[in-house]
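**Student:** One structure follows; several queries about it will come next.
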Protein chains: 4
Amino acid sequence: MGIRTGQEYLDSIKVRNKVEIYVMGKEVKDVTTNPFLKPAVLAFKATFDSAWDEDTKDLARVWSPFINEEVNRFNHIHRSPEDLAAKVKLLRKISHKVGACFQRCVGYDALNTLYIITELMAQHGKTEPKERFIEYLKTVQKKDLALAGAMTDAKGVRTLKPHEQPNKNAYVRITEVTKDGIYVSGAKANITGVAASEEIVVLPTRAMGPEDQDYAVAFSIPTDTEGIKIIVGRQLNDARRLEGGEIDALPYFYNHEGLIIFDNVFVPMERVFLMRDWQYTSQLVEIFSAYHRQGYGGCKAGLGDVIIGATYNLAKQIGIEKAPHVQDKINEEIFLTETMYAAGIAASLNGIEVCPGCWWVNPMQANVTKHLVTRFPSQIAQLAIDIAGGILGTAPSEWDLKNPKIKELLAKYLQGVEGYTAEDRIRMVRLLENVALGVAFLIESVHGAGSPAAQRIMFSRLYNLSYAEEVAKRLAGMKSNVKFTKKVEPWKESETEKLAKEAEK
Amino acid sequence: MGIRTGQEYLDSIKVRNKVEIYVMGKEVKDVTTNPFLKPAVLAFKATFDSAWDEDTKDLARVWSPFINEEVNRFNHIHRSPEDLAAKVKLLRKISHKVGACFQRCVGYDALNTLYIITELMAQHGKTEPKERFIEYLKTVQKKDLALAGAMTDAKGVRTLKPHEQPNKNAYVRITEVTKDGIYVSGAKANITGVAASEEIVVLPTRAMGPEDQDYAVAFSIPTDTEGIKIIVGRQLNDARRLEGGEIDALPYFYNHEGLIIFDNVFVPMERVFLMRDWQYTSQLVEIFSAYHRQGYGGCKAGLGDVIIGATYNLAKQIGIEKAPHVQDKINEEIFLTETMYAAGIAASLNGIEVCPGCWWVNPMQANVTKHLVTRFPSQIAQLAIDIAGGILGTAPSEWDLKNPKIKELLAKYLQGVEGYTAEDRIRMVRLLENVALGVAFLIESVHGAGSPAAQRIMFSRLYNLSYAEEVAKRLAGMKSNVKFTKKVEPWKESETEKLAKEAEK
Amino acid sequence: MGIRTGQEYLDSIKVRNKVEIYVMGKEVKDVTTNPFLKPAVLAFKATFDSAWDEDTKDLARVWSPFINEEVNRFNHIHRSPEDLAAKVKLLRKISHKVGACFQRCVGYDALNTLYIITELMAQHGKTEPKERFIEYLKTVQKKDLALAGAMTDAKGVRTLKPHEQPNKNAYVRITEVTKDGIYVSGAKANITGVAASEEIVVLPTRAMGPEDQDYAVAFSIPTDTEGIKIIVGRQLNDARRLEGGEIDALPYFYNHEGLIIFDNVFVPMERVFLMRDWQYTSQLVEIFSAYHRQGYGGCKAGLGDVIIGATYNLAKQIGIEKAPHVQDKINEEIFLTETMYAAGIAASLNGIEVCPGCWWVNPMQANVTKHLVTRFPSQIAQLAIDIAGGILGTAPSEWDLKNPKIKELLAKYLQGVEGYTAEDRIRMVRLLENVALGVAFLIESVHGAGSPAAQRIMFSRLYNLSYAEEVAKRLAGMKSNVKFTKKVEPWKESETEKLAKEAEK
Amino acid sequence: MGIRTGQEYLDSIKVRNKVEIYVMGKEVKDVTTNPFLKPAVLAFKATFDSAWDEDTKDLARVWSPFINEEVNRFNHIHRSPEDLAAKVKLLRKISHKVGACFQRCVGYDALNTLYIITELMAQHGKTEPKERFIEYLKTVQKKDLALAGAMTDAKGVRTLKPHEQPNKNAYVRITEVTKDGIYVSGAKANITGVAASEEIVVLPTRAMGPEDQDYAVAFSIPTDTEGIKIIVGRQLNDARRLEGGEIDALPYFYNHEGLIIFDNVFVPMERVFLMRDWQYTSQLVEIFSAYHRQGYGGCKAGLGDVIIGATYNLAKQIGIEKAPHVQDKINEEIFLTETMYAAGIAASLNGIEVCPGCWWVNPMQANVTKHLVTRFPSQIAQLAIDIAGGILGTAPSEWDLKNPKIKELLAKYLQGVEGYTAEDRIRMVRLLENVALGVAFLIESVHGAGSPAAQRIMFSRLYNLSYAEEVAKRLAGMKSNVKFTKKVEPWKESETEKLAKEAEK
């Protein structure tokens, strides 16, 4: 059936036989017990739990016309603006449960992207990719599979295109095509959640030209496949997880990213969705990145909520929650958090039906959402640091709290307002340290779904600068060639035509 | 019929017999020809024209169930989230036509506010106000009347409540109640568009207690009424309008605000919608201000478009439109503009049905919208100043362009890229000066619909701080009293209950 | 003697016979009585008064070794870091007197620049320019002349060098050289204070190459010279000065800028200080702009003080000066103001002796000062708007205050805290409107002494990026070619050598 | 002699017999070898090395009149503005060596503070404290001792004064006074560098009243004293130091903070400098905090340099260092860094001689410096994250680089521009992670020397708001009681009188 429990997911990923997963130089066999990866696996698991928890199951379950039963929303194809908004709302709520990135959105967005792209290819007469994709989608939905999406390549020299790179493997590429499938080599970098996934959906990372055609490839592959190597990346504060405590590292949850190396990996043809069709790479990237940028309005707002709650509680612990400057800073945290969310909601409810029954986000508003997310979390973190006080960088460890020679002294000197203990203080400080100054909030917010410069390029592409110029010329009394009784839009209302036209080029 | 032309509006306000209107110390009889007020009247007129212009009429016309015909949207009661979004879209488009505030939104929002409040009173058994209001609404819709909304009182000492003021007239109040109506005295300040209006809809400006009951009053009154005096306020650059030119002042349009003095004015009972019902003032203010805050996502984004277009054109005139730092600054202008718009769209499409068939905006997102508007226009203006260059503060006047002794010299030295003339340069500089550094963009953006501090108070009221604290406590492993399998919302999904409950207090 | 009174200055500029000065299309004969220019003349006059006022005379008077007597500091050559700091302090204080730009700094900085450049030429064996300049300097100091500095050219197409311009007159150039002098043609734009000056000191506006040599010219010329035309530029709110009031326009003072057109003007050789010596233009521009950028730490901080005082008083008038958010905003205004000043002080006291006894500012810190000034005034203005309230854009005119039919009503409704009158309120609102939203604070702050992009270019030139890279490489454990026991500077301690070397190129 | 080598310092702190030092719950005997503390000890050592390194020794050595020989500047009493500036310059340079806080400034500033305070007491007739202090100072200078300054108390409930606290030990206090000395109990929190120090100089943390007199205490004590317990705090990324690597933790250096517990510790009378003299606590705090705030203009600018260099190098490694948006971001990093430095230089060169031959910083400019430091590092970090790319949160560990099964794959896929290796990339990424997102830059910048709110309080105290108001009233034409020909200062030129007067209260 289409909705698994968290435990079923855990059982499924416990044993890996073929893939090689490395953490801090050592190979890991069971990702569910490895102390470095376990918090990431548990955060991923929360997406499964969300379909069973009372407060999220209405959002997390949705009927799929493809298999005619309920599925977990993370494997759903958006069929309405409300679907898009439900994604944002669900992400915000799950963030409240884990205080971390739960790593399942890239796969979610990759599915929706491939749905539109293969539909477009079908409209142009190339129907096989769509057929393969729909079959794959059904399997994913029925089995409620845990997907990682893999887009970002190693990239080598940033100023060169894939085929111009001195290192031919700087981008993942097709090395051979047979009747039964393709062989691929190369690396995908910064891949969120990959070691906790069951399947990897690979997409090209940039617009490509005809000379780059070997690099224009999209497919899916089980994570536990011969020839795949995953090198898990380090993160701020990661080594604390190895200490075996329960306070100093973020108690239960964390995300992870990994470098995936494809070492001449075979992909069966039924899993290949894009093969040298470089013409579709530009749209594919634009569609995917807009979906992913929209989602940040949910998950990062959710982390904002965690930080607001933590700073508010810390203020109460030392008796300053009513100081006007503290209240004002908390209000600012709220404003910043709710602005990110509002943009995500606009990108959803103002979405676009780009093929019959399939909905894309509003691209301008999705880019606005992500661009806000490249800026506001840093400001929220700064406010949190301000309210929390210097203790954020100087608090004793949980091991000090347990040392009988000093624990009573700490209890005495770290106490603030009556009712709160030294341990309360340290627990909350650590939560704030690990969330507000963590990789998901400070770094992924900037670079996930494309760095700030990528959104700025989209602003110039999506905004109708010539229209705005004519508006100004008319008001200034300069000669203008545009008749203003004609309908001219400063933003795109329908993208379907554009997609079709671009594909024809 | 419910939709007048702009000319019909002009004809209607040409003659005033009873009201006294003062501009720069002198009484004005015909506001359509007075050089100070004419641009404001023409901007107001644009709201009527919008129902006839090809590019806006679909947005500006909407069917009203109250009179069973099409009406101008500015007199419409919102019946769906799409209605709320249409408001934002329409405001953005009209801004493109006038580059100024067109002054009809306060009346629009006042109507919608009174609709909800009188409905609420009816639900509580007090049905007369609703009956009166619906009758009034029908008249307004049928005649397509031009409304000004009047909320802000003179206020006296800000730290005192109305009844505590040493000056009893610091807030508008009921001085006498008769069988046929009420007498009111006092002043309403900063009233947008009032001299160009046909009717004034008066609302209380703050939450009031039982001792303030004489100040709890809402009613409508024809602008041209005995005992009403309007003192029109000055604005940056206003005196240029008196010069008779066509370039240095904003060519055609401007807004205006006025101080309205009610000098013992009689209001017939059928026009009284709130009379000493202080219990409803808190909600009334909250409902009105959220409506008005949402709208700024449209009109200020529209002014943002005008400024983007003007800076882009000025950059082209001197050949720097492709300089990376100029492109980047224009992208920033776009980002800021589209963020305000996105928030306005979210506040609309995520609106709330607060009574059967009547829709309020999402209050958190409406407050986010306005708070963005208190900050971003100043940043857009700063970017515009940067791109435009020092000429923004030093350009010759249009009279220099006409002086035969120097006009050729100016033509020679102010020319930049071929094809643009010195006059083009000055026209665009003046547009930018008058829009980006004008009252509507720089000052009204901060204070309209409530100063920044007012939104910050709403952030703490609308945000569920206790919920966020529990989220944090749970993640930190502290004891928590909230069960997380229960549905707890960090933001308000429905406000109906709240409204009802508050009224009962 | 070297120090004139303000009145002596006024008498001197009253009559002009040869120069043509245009204001709003009309020729002006007496700049001291013309209502548009009078406030600018009075602000300029304040620099003379500063040498006689008790609170500024110690700063404004300084002994000159060139004429062996006291001179007005505005004509002084800096002889110590304390001299540089005295400039900043004096500018801050005069701003308090006039609330506007007093327009005499460009000439001041031009003198100091030419002193260094001609000294440098003398060091290279070309002694005549220095001899001429010293003679000129003595005259200026002895007569206490009012200088305008003229640097910015019309510039035409910004991406082209002077000799590449389609319009040969886009930059001021030498059209003919005779035994007795040179003929120049072209225009200088945005020239501060020119109509109030007695002398114009012309400098080249950018670094030039050998092909631009005709444009490499520096000289001085009496303002009242045949062939000079000055077209005074418009400014925000300028037309109010023509109304004859005393409140709505900034009471007494304002600055002005003008376009100077040189229509084949003859300059005697003893007034020519740079003639086709293009090799010195790069340094000349760098020296001048650093001097001018430093000064902004004084005058703009002084305007900041005026705005702080005005907002504080307005808050008191309505009883909110103790509201925490108001206090916090005023503290922020103070912080921003004092930061600009601190940078100006650093640029001064950390100055550099670039030739024996002659002191240049610290160029990095001077650029920091100006870059702060391109940002902080806009933020101060925004805070001022916030505190002042909507009345800033809606206050009645002074003419309303005088109309007997409404003046008592205004007195009643505009009153706040007892003791303050409606006129007090309007006076202070107008001051704020004219200063905080005036050209000097909002526009000149951005573009004077070079637009923001110009300072950013200087940051990369002045900062030792390679040194910083080596520091990082060493800490990261990468191989580094720099020995760290050797003295390597991340900032320039001495600029003398650099100046000398660059000149030799 | 007054100047030790770094090795001599290390030898001196190697053995501790009486103090108890805890790190992560375990007692540490040799701080020079403990992996957690070693980087902090080495950073502290850099202050000794600075007196011997060629590029810093001129700044680090200074002649002391107290012992009539050269001393290390960190134990010097400032005797001129140049001394104050030398501090800032030296701090910037040592930051380049260690990329971390070197922890010796608090002691340095404590010495200078006590010098002024005991001098002031002497002026008031109480000469003993000064005599004791001078003797102590001589010892410190002669032996070149490593001092920690301890100011911040545990504080308990922030809204209560020391004597009001339910927990009497929330502030360090005198529990008994004998003929020979005093007994103290309590805790000092967030004490920088304490485990690496030889002496602790204790100061009161806030202004106190007569009822708080037992808490008004300043003294010095050897770190290795019976009854002192130090609990070292955790920091972001700290656990990596325990891994034994050389890349993932900051290669050599780090700072540390500790909680010091005084458990009925005896302090001999000759080491007591303030005993119940509550009248001096207000000035003591103000003097100390201004000194310490000034210093941040040096050390944080130095960290800024490290980050600029690291981001520039990372940009080169992937070939984007010439992309305009990257150059612009680096320019912004430079601007922010140089602004902090400029303010520190102004606070120094514009310092105040508060007693004969002893120099205090300019308090307004010192507060400006620190307030900038509460904001700009976060912005620099954000720019660094932006330029560095997502790899900052996902880079493989150094242990992966050493695993023979994957090291060649990493070498291949992490390579960018030729000449740089995968290890280069990771080394630089790690440096950036540890410096830009480290405690010293992100948290200590906000809270060290007082949280942002503390500086804002000083802005209102140091700024002459009444003067500014009078300036505004005069310009607005309102009545003013201040004669402007009298010398009125908006900032304090001399603080001596103020200090004296306040003490008399």
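Lettering and numbering for the structure tokens are positional, with chains as A, B, ... in the shown order, residues counted from 1 in each chain, and ligands counted from 1 in the shown order.
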Please run DSSP on the backbone and report, as JSON, numbers by chain, all residues within region 217-418 of chain D that come out as helix (DSSP H, G or I).

**Tutor:** {"D": [238, 239, 240, 241, 242, 243, 269, 270, 271, 278, 279, 280, 281, 282, 283, 284, 285, 286, 287, 288, 289, 290, 291, 292, 293, 294, 295, 296, 297, 298, 299, 300, 301, 302, 303, 304, 305, 306, 307, 308, 309, 310, 311, 312, 313, 314, 315, 316, 317, 324, 325, 326, 327, 328, 329, 330, 331, 332, 333, 334, 335, 336, 337, 338, 339, 340, 341, 342, 343, 344, 345, 346, 347, 348, 349, 363, 364, 365, 366, 367, 368, 369, 370, 371, 372, 373, 376, 377, 378, 379, 380, 381, 382, 383, 384, 385, 386, 387, 388, 390, 391, 392, 393, 398, 399, 400, 401, 402, 407, 408, 409, 410, 411, 412, 413]}

**Student:** Mind the document's chain letters and residue numbers, and return as a PyMOL selection string the residues of region 16-155 of chain C that DSSP labels strand (DSSP E).

**Tutor:** chain C and resi 20-23+26-27+61-64+69-72+147-150

**Student:** Show me, as CSV, the residues of chain B having an atom within 6 Å of chain A, each with the closest atom pair and its distance in Å, using only C-alpha atoms.

**Tutor:**
```
residue,atom,partner,partner_atom,distance
B:Asp53,CA,A:Thr485,CA,5.7
B:Glu54,CA,A:Thr485,CA,4.9
B:Asp55,CA,A:Lys487,CA,4.3
B:His96,CA,A:Val471,CA,5.9
B:Asp305,CA,A:Ala468,CA,5.6
B:Val306,CA,A:Ala472,CA,5.2
B:Gly309,CA,A:Glu469,CA,3.8
B:Ala310,CA,A:Ala472,CA,5.2
B:Ala342,CA,A:Ala343,CA,5.5
B:Ala343,CA,A:Ala342,CA,5.5
B:Ile345,CA,A:Ala346,CA,5.7
B:Ala346,CA,A:Ala346,CA,4.4
B:Arg427,CA,A:Ala476,CA,5.4
B:Met428,CA,A:Ala476,CA,5.6
B:Leu431,CA,A:Ala476,CA,5.6
B:Ala468,CA,A:Gly309,CA,4.3
B:Glu469,CA,A:Gly309,CA,3.7
B:Val471,CA,A:His96,CA,5.9
B:Ala472,CA,A:Ala310,CA,5.2
B:Ala476,CA,A:Arg427,CA,5.4
B:Thr485,CA,A:Glu54,CA,4.8
B:Lys486,CA,A:Asp55,CA,5.4
B:Lys487,CA,A:Asp55,CA,4.4
```

**Student:** Next, dump the selected residues to file, keeping only C-alpha atoms, as a compact mmCIF listing (two decimals), in the first residue's frame.

**Tutor:**
```txt
# COMPACT_ATOMS: atom_id res chain seq x y z
CA ASP B 53 -9.71 50.51 -20.13
CA GLU B 54 -9.12 47.33 -22.07
CA ASP B 55 -6.24 46.16 -19.91
CA HIS B 96 1.18 51.95 -13.69
CA ASP B 305 7.40 48.90 -11.37
CA VAL B 306 7.33 52.54 -12.38
CA GLY B 309 11.21 51.19 -15.52
CA ALA B 310 12.44 54.73 -14.94
CA ALA B 342 3.89 38.12 -3.23
CA ALA B 343 2.90 38.89 0.35
CA ILE B 345 -1.14 37.78 -3.03
CA ALA B 346 -0.66 35.38 -0.12
CA ARG B 427 11.47 64.09 -18.13
CA MET B 428 12.63 60.75 -16.77
CA LEU B 431 9.35 61.26 -12.96
CA ALA B 468 6.49 27.76 19.28
CA GLU B 469 7.88 27.55 22.78
CA VAL B 471 7.91 22.99 19.90
CA ALA B 472 11.30 24.15 21.12
CA ALA B 476 15.32 20.34 23.50
CA THR B 485 -0.36 14.50 18.20
CA LYS B 486 -3.03 17.14 18.79
CA LYS B 487 -3.61 19.75 16.15
```

**Student:** What is the CA of Phe288 (chain A) to CA of His447 (chain A) distance in Å?

**Tutor:** 14.7 Å

**Student:** Report, in Å with one decimal, the straight-line distance from CA of Pro162 (chain D) to CA of Arg234 (chain D).

**Tutor:**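 Interatomic distance here is 27.1 Å.
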